[in-house]
Amino acid sequence: MTRIGGAEMVDWNLAVATATRLVRPGPEVSRGEARAVVAELRRHARASEEHVRGFTRMGTGTAHDTPILVVDRPGWVRANVAGFRELLKPLLDKMQERRSGTPGGAVLGAVGGKVTGVELGMLLSFLASRVLGQYETFAPATRELPAAENGGGRLLLVAPNIVHVERELDVEPHDFRLWVCLHEETHRTQFTAVPWLRDHLEGEIQSFLGETEMDPMTVLERIREAAQSLAGGRPEGEEGDESRSIVELVQTPAQREILGRLTAVMSLLEGHADFVMDGVGPDVVPSVGEIREKFQQRRARGASRLDLALRKLLGLDAKLRQYKDGERFVRSVVEQVGVDGFNRVWTSPNTLPTKAEIAKPADWVARVHRKSEA
């Protein structure tokens, strides 16, 4: 744990307690129905591995030990808190060193840890009822939540959310469950078939966190600017900031540069997963066309006006663009150079697309293929 004067910088236990207290209950199902859903999701997850590897031609000769966990909403919260705790440890250690010599640092640490724990719990309670599945890349193993060896990840499938969405969309449940598993299995294949990808992504994230301005007054000023922007007022000279999320407003220029690279990678990963789930779909998911159409409509409109507002506030609308832009990039590249030609994207960090190339796939093809053929 990261502590200041005996107080945690982030009260992780309070974050879990807050999220599990606030998260909405899942759909009503009988005990027998719940057991059947869990069993089916596990079967689909295992079957998806062969489908995805065959379609992508990735990792066909390798085996991996990534566990598949079917969880409820509180289980998803606990897993993500463990991941956050691991990923943020270097930043929190840095903050501990910075504040330990500050007058009143212990008091600030105690209060700040509680406040941050509550805020993180509120965010997780919002997300816990929306996430269908997740490949947790930076997942430390715990007694309750196993993970792959050597810092590998785990595949989470959130059963109540999957049931909720399949009912809301009024689609064939068995098809929808397999369709979701195809998406998440693609992420597992990406990271297990491309050994350097996890370390590269972690390096970019740690560089992003390392650029965080540690001066408390600077952070408070950025939060004030963000609040003004979200309230409709704008600091003088920042007329364009009203369209940016609070996540974007608290970044330094160096962080924005790193974020551009991270955005490109995440767009690639999410778009590739969407492309694969639809590509595999017609052969194994008979109603894939109906599922895709209804799911896209749901993504676009959000569940409510509050949902749309929160998506904007947290920057989650950017993630929705990643699905669309990334899928368009993958589809265009495959049309131009085929699946094997697209798979050159996994050669090294240098062959990953830039943010500009995500928008212009032909530029990536020209850079990677013409250079290799010259």
# chains A, B, ... in the order shown; residues from 1 in each chain; ligands from 1
>>> residues_around(residues="Arg42 in chain A", least_positions_apart="6", cutoff="12 Å", atoms="only C-alpha atoms", output="ChimeraX atom specification")
/A:35-36,48-49,67-71,155-159,177-178,180-182,185
>>> write_last_selection(atoms="all heavy atoms", output="compact mmCIF listing (two decimals), in the first residue's frame")
# COMPACT_ATOMS: atom_id res chain seq x y z
N ARG A 35 -26.61 -20.12 -13.01
CA ARG A 35 -25.61 -21.18 -13.22
C ARG A 35 -25.49 -21.53 -14.70
O ARG A 35 -24.39 -21.76 -15.21
CB ARG A 35 -25.98 -22.41 -12.40
CG ARG A 35 -25.67 -22.29 -10.91
CD ARG A 35 -25.67 -23.68 -10.25
NE ARG A 35 -27.00 -24.27 -10.29
CZ ARG A 35 -27.87 -24.23 -9.29
NH1 ARG A 35 -27.54 -23.62 -8.16
NH2 ARG A 35 -29.06 -24.81 -9.39
N ALA A 36 -26.63 -21.55 -15.41
CA ALA A 36 -26.61 -21.90 -16.83
C ALA A 36 -25.89 -20.83 -17.65
O ALA A 36 -25.14 -21.15 -18.58
CB ALA A 36 -28.04 -22.07 -17.34
N SER A 48 -14.34 -19.69 -28.52
CA SER A 48 -13.94 -18.48 -29.24
C SER A 48 -12.45 -18.47 -29.56
O SER A 48 -12.03 -17.89 -30.57
CB SER A 48 -14.28 -17.24 -28.41
OG SER A 48 -15.67 -17.08 -28.28
N GLU A 49 -11.66 -19.11 -28.72
CA GLU A 49 -10.21 -19.11 -28.94
C GLU A 49 -9.87 -19.69 -30.31
O GLU A 49 -9.11 -19.10 -31.08
CB GLU A 49 -9.51 -19.91 -27.84
CG GLU A 49 -8.01 -19.94 -27.99
CD GLU A 49 -7.34 -20.69 -26.86
OE1 GLU A 49 -8.01 -21.01 -25.85
OE2 GLU A 49 -6.13 -20.97 -26.99
N PRO A 67 -6.51 -17.12 -17.37
CA PRO A 67 -7.77 -17.62 -16.81
C PRO A 67 -8.97 -16.86 -17.35
O PRO A 67 -8.88 -15.67 -17.68
CB PRO A 67 -7.61 -17.40 -15.31
CG PRO A 67 -6.60 -16.32 -15.18
CD PRO A 67 -5.67 -16.46 -16.36
N ILE A 68 -10.09 -17.56 -17.43
CA ILE A 68 -11.37 -16.96 -17.83
C ILE A 68 -12.25 -16.90 -16.60
O ILE A 68 -12.55 -17.94 -16.00
CB ILE A 68 -12.05 -17.78 -18.93
CG1 ILE A 68 -11.16 -17.86 -20.18
CG2 ILE A 68 -13.41 -17.20 -19.29
CD1 ILE A 68 -11.62 -18.89 -21.19
N LEU A 69 -12.64 -15.69 -16.19
CA LEU A 69 -13.45 -15.51 -14.98
C LEU A 69 -14.80 -14.91 -15.35
O LEU A 69 -14.86 -13.85 -15.98
CB LEU A 69 -12.73 -14.58 -13.99
CG LEU A 69 -11.30 -14.96 -13.60
CD1 LEU A 69 -10.74 -13.93 -12.62
CD2 LEU A 69 -11.25 -16.35 -13.00
N VAL A 70 -15.86 -15.60 -14.99
CA VAL A 70 -17.21 -15.06 -15.15
C VAL A 70 -17.59 -14.43 -13.81
O VAL A 70 -17.64 -15.13 -12.79
CB VAL A 70 -18.21 -16.14 -15.55
CG1 VAL A 70 -19.60 -15.54 -15.75
CG2 VAL A 70 -17.74 -16.84 -16.83
N VAL A 71 -17.81 -13.12 -13.79
CA VAL A 71 -17.97 -12.39 -12.54
C VAL A 71 -19.29 -11.63 -12.52
O VAL A 71 -19.93 -11.41 -13.56
CB VAL A 71 -16.80 -11.40 -12.33
CG1 VAL A 71 -15.48 -12.14 -12.23
CG2 VAL A 71 -16.75 -10.36 -13.46
N LEU A 155 -9.18 -12.84 -18.38
CA LEU A 155 -10.35 -12.48 -19.18
C LEU A 155 -11.57 -12.46 -18.27
O LEU A 155 -11.89 -13.46 -17.63
CB LEU A 155 -10.53 -13.49 -20.31
CG LEU A 155 -11.67 -13.22 -21.30
CD1 LEU A 155 -11.43 -11.92 -22.04
CD2 LEU A 155 -11.78 -14.37 -22.29
N LEU A 156 -12.23 -11.31 -18.20
CA LEU A 156 -13.42 -11.15 -17.37
C LEU A 156 -14.66 -11.08 -18.26
O LEU A 156 -14.66 -10.36 -19.26
CB LEU A 156 -13.34 -9.88 -16.53
CG LEU A 156 -12.13 -9.70 -15.62
CD1 LEU A 156 -12.22 -8.35 -14.90
CD2 LEU A 156 -12.04 -10.82 -14.60
N LEU A 157 -15.70 -11.81 -17.89
CA LEU A 157 -17.00 -11.72 -18.53
C LEU A 157 -18.01 -11.38 -17.44
O LEU A 157 -18.13 -12.12 -16.45
CB LEU A 157 -17.37 -13.04 -19.22
CG LEU A 157 -16.45 -13.44 -20.38
CD1 LEU A 157 -16.69 -14.89 -20.77
CD2 LEU A 157 -16.64 -12.51 -21.57
N VAL A 158 -18.72 -10.25 -17.59
CA VAL A 158 -19.61 -9.76 -16.54
C VAL A 158 -21.02 -10.27 -16.85
O VAL A 158 -21.77 -9.66 -17.63
CB VAL A 158 -19.57 -8.23 -16.45
CG1 VAL A 158 -20.32 -7.76 -15.18
CG2 VAL A 158 -18.13 -7.73 -16.41
N ALA A 159 -21.38 -11.39 -16.23
CA ALA A 159 -22.60 -12.11 -16.58
C ALA A 159 -23.87 -11.27 -16.47
O ALA A 159 -24.70 -11.27 -17.39
CB ALA A 159 -22.72 -13.38 -15.73
N ARG A 177 -24.19 -14.02 -26.48
CA ARG A 177 -23.14 -14.39 -25.54
C ARG A 177 -21.87 -14.82 -26.27
O ARG A 177 -20.75 -14.47 -25.89
CB ARG A 177 -23.64 -15.49 -24.61
CG ARG A 177 -24.76 -15.02 -23.69
CD ARG A 177 -25.50 -16.18 -23.02
NE ARG A 177 -26.75 -15.68 -22.42
CZ ARG A 177 -27.66 -16.47 -21.85
NH1 ARG A 177 -27.48 -17.78 -21.81
NH2 ARG A 177 -28.76 -15.94 -21.35
N LEU A 178 -22.04 -15.59 -27.36
CA LEU A 178 -20.87 -15.99 -28.14
C LEU A 178 -20.25 -14.78 -28.82
O LEU A 178 -19.02 -14.66 -28.89
CB LEU A 178 -21.27 -17.04 -29.18
CG LEU A 178 -20.17 -17.50 -30.14
CD1 LEU A 178 -18.96 -18.01 -29.40
CD2 LEU A 178 -20.72 -18.57 -31.10
N VAL A 180 -20.17 -11.65 -27.82
CA VAL A 180 -19.38 -10.91 -26.84
C VAL A 180 -18.06 -11.63 -26.56
O VAL A 180 -16.99 -11.00 -26.49
CB VAL A 180 -20.18 -10.74 -25.53
CG1 VAL A 180 -19.28 -10.17 -24.42
CG2 VAL A 180 -21.38 -9.83 -25.75
N CYS A 181 -18.11 -12.94 -26.42
CA CYS A 181 -16.89 -13.70 -26.15
C CYS A 181 -15.88 -13.59 -27.28
O CYS A 181 -14.66 -13.55 -27.05
CB CYS A 181 -17.22 -15.17 -25.90
SG CYS A 181 -18.05 -15.49 -24.32
N LEU A 182 -16.35 -13.51 -28.51
CA LEU A 182 -15.44 -13.35 -29.65
C LEU A 182 -14.65 -12.04 -29.54
O LEU A 182 -13.46 -11.99 -29.84
CB LEU A 182 -16.23 -13.38 -30.97
CG LEU A 182 -16.81 -14.72 -31.38
CD1 LEU A 182 -17.77 -14.55 -32.56
CD2 LEU A 182 -15.70 -15.71 -31.74
N GLU A 185 -12.13 -12.44 -26.58
CA GLU A 185 -11.09 -13.39 -26.93
C GLU A 185 -10.09 -12.77 -27.91
O GLU A 185 -8.90 -13.10 -27.87
CB GLU A 185 -11.69 -14.66 -27.54
CG GLU A 185 -10.67 -15.67 -28.05
CD GLU A 185 -9.69 -16.12 -26.99
OE1 GLU A 185 -10.09 -16.31 -25.82
OE2 GLU A 185 -8.50 -16.28 -27.33
>>> closest_atom_pairs(of="range 315-366 of chain A", to="range 191-215 of chain A", cutoff="8 Å", atoms="only C-alpha atoms", output="JSON lines")
{"residue": "A:Trp346", "atom": "CA", "partner": "A:Val194", "partner_atom": "CA", "distance": 6.5}
{"residue": "A:Ser348", "atom": "CA", "partner": "A:Trp196", "partner_atom": "CA", "distance": 7.6}
{"residue": "A:Pro349", "atom": "CA", "partner": "A:His200", "partner_atom": "CA", "distance": 7.2}
>>> closest_residue(among="A:Arg256, A:Arg78, A:Lys355, A:His272", to="Arg328 in chain A", atoms="only C-alpha atoms")
A:His272
>>> atom_distance(atom1="CA of His51 in chain A", atom2="CA of Phe176 in chain A")
15.4 Å
>>> closest_residue(among="A:His174, A:Arg85, A:Arg46, A:Lys114", to="Phe138 in chain A", atoms="only C-alpha atoms")
A:Arg85
>>> closest_atom_pairs(of="range 123-217 of chain A", to="range 279-294 of chain A", cutoff="7 Å", atoms="only C-alpha atoms", output="Markdown table")
| residue | atom | partner | partner_atom | distance |
| --- | --- | --- | --- | --- |
| A:Leu169 | CA | A:Lys294 | CA | 6.4 |
| A:Val171 | CA | A:Ile291 | CA | 6.4 |
| A:Asp175 | CA | A:Val285 | CA | 5.3 |
| A:Phe176 | CA | A:Ile291 | CA | 6.9 |
| A:Trp179 | CA | A:Val285 | CA | 6.9 |
>>> atom_distance(atom1="CA of Val118 in chain A", atom2="CA of Tyr135 in chain A")
25.0 Å
>>> atom_distance(atom1="CA of Thr60 in chain A", atom2="CA of Gln190 in chain A")
11.8 Å
>>> residues_around(residues="range 266-271 of chain A", least_positions_apart="6", cutoff="9 Å", atoms="only C-alpha atoms", output="number ranges by chain")
A: 183, 186-187, 190, 319, 321-331, 352-353, 355, 358
>>> write_last_selection(atoms="N, CA and C atoms", output="compact mmCIF listing (two decimals), in the first residue's frame")
# COMPACT_ATOMS: atom_id res chain seq x y z
N HIS A 183 -15.32 -10.98 -29.12
CA HIS A 183 -14.65 -9.68 -28.96
C HIS A 183 -13.56 -9.77 -27.90
N THR A 186 -10.57 -11.88 -28.77
CA THR A 186 -9.63 -11.20 -29.68
C THR A 186 -8.61 -10.41 -28.89
N HIS A 187 -9.04 -9.73 -27.84
CA HIS A 187 -8.09 -8.98 -27.00
C HIS A 187 -7.10 -9.93 -26.33
N GLN A 190 -4.62 -10.91 -28.94
CA GLN A 190 -3.69 -9.82 -29.26
C GLN A 190 -2.50 -9.80 -28.30
N LYS A 319 -13.80 6.67 -26.36
CA LYS A 319 -13.67 5.23 -26.54
C LYS A 319 -14.62 4.73 -27.61
N ARG A 321 -15.52 6.38 -30.22
CA ARG A 321 -14.91 6.73 -31.50
C ARG A 321 -13.79 5.74 -31.84
N GLN A 322 -13.10 5.23 -30.80
CA GLN A 322 -12.03 4.27 -31.06
C GLN A 322 -12.55 3.02 -31.75
N TYR A 323 -13.71 2.54 -31.32
CA TYR A 323 -14.28 1.36 -31.97
C TYR A 323 -14.51 1.64 -33.45
N LYS A 324 -15.12 2.77 -33.74
CA LYS A 324 -15.50 3.09 -35.11
C LYS A 324 -14.27 3.36 -35.98
N ASP A 325 -13.37 4.23 -35.50
CA ASP A 325 -12.20 4.59 -36.29
C ASP A 325 -11.26 3.39 -36.46
N GLY A 326 -11.08 2.63 -35.39
CA GLY A 326 -10.19 1.48 -35.46
C GLY A 326 -10.72 0.40 -36.38
N GLU A 327 -12.01 0.14 -36.32
CA GLU A 327 -12.59 -0.88 -37.19
C GLU A 327 -12.47 -0.45 -38.66
N ARG A 328 -12.67 0.82 -38.93
CA ARG A 328 -12.53 1.32 -40.29
C ARG A 328 -11.09 1.15 -40.78
N PHE A 329 -10.11 1.42 -39.90
CA PHE A 329 -8.70 1.26 -40.26
C PHE A 329 -8.40 -0.20 -40.60
N VAL A 330 -8.80 -1.12 -39.73
CA VAL A 330 -8.50 -2.54 -39.95
C VAL A 330 -9.15 -3.03 -41.23
N ARG A 331 -10.42 -2.69 -41.42
CA ARG A 331 -11.13 -3.15 -42.61
C ARG A 331 -10.45 -2.63 -43.88
N LEU A 352 3.21 -0.06 -35.45
CA LEU A 352 1.88 0.34 -34.99
C LEU A 352 1.45 1.61 -35.73
N PRO A 353 0.17 1.78 -36.01
CA PRO A 353 -0.27 3.00 -36.70
C PRO A 353 -0.21 4.20 -35.77
N LYS A 355 -1.78 8.04 -34.77
CA LYS A 355 -3.15 8.54 -34.70
C LYS A 355 -3.59 9.06 -36.07
N ILE A 358 -4.44 6.08 -38.35
CA ILE A 358 -5.74 5.47 -38.06
C ILE A 358 -6.81 6.13 -38.93
>>> residues_around(residues="range 13-23 of chain A", least_positions_apart="2", cutoff="10 Å", atoms="only C-alpha atoms", output="NGL selection string")
:A and (10-11 or 25-26 or 73-82 or 113-129)
>>> closest_residue(among="A:Leu91, A:Leu132, A:Val337, A:Val265", to="Asn350 in chain A", atoms="only C-alpha atoms")
A:Val265
>>> closest_residue(among="A:Ala264, A:Val165, A:Val345, A:Val276", to="Pro27 in chain A", atoms="only C-alpha atoms")
A:Val165
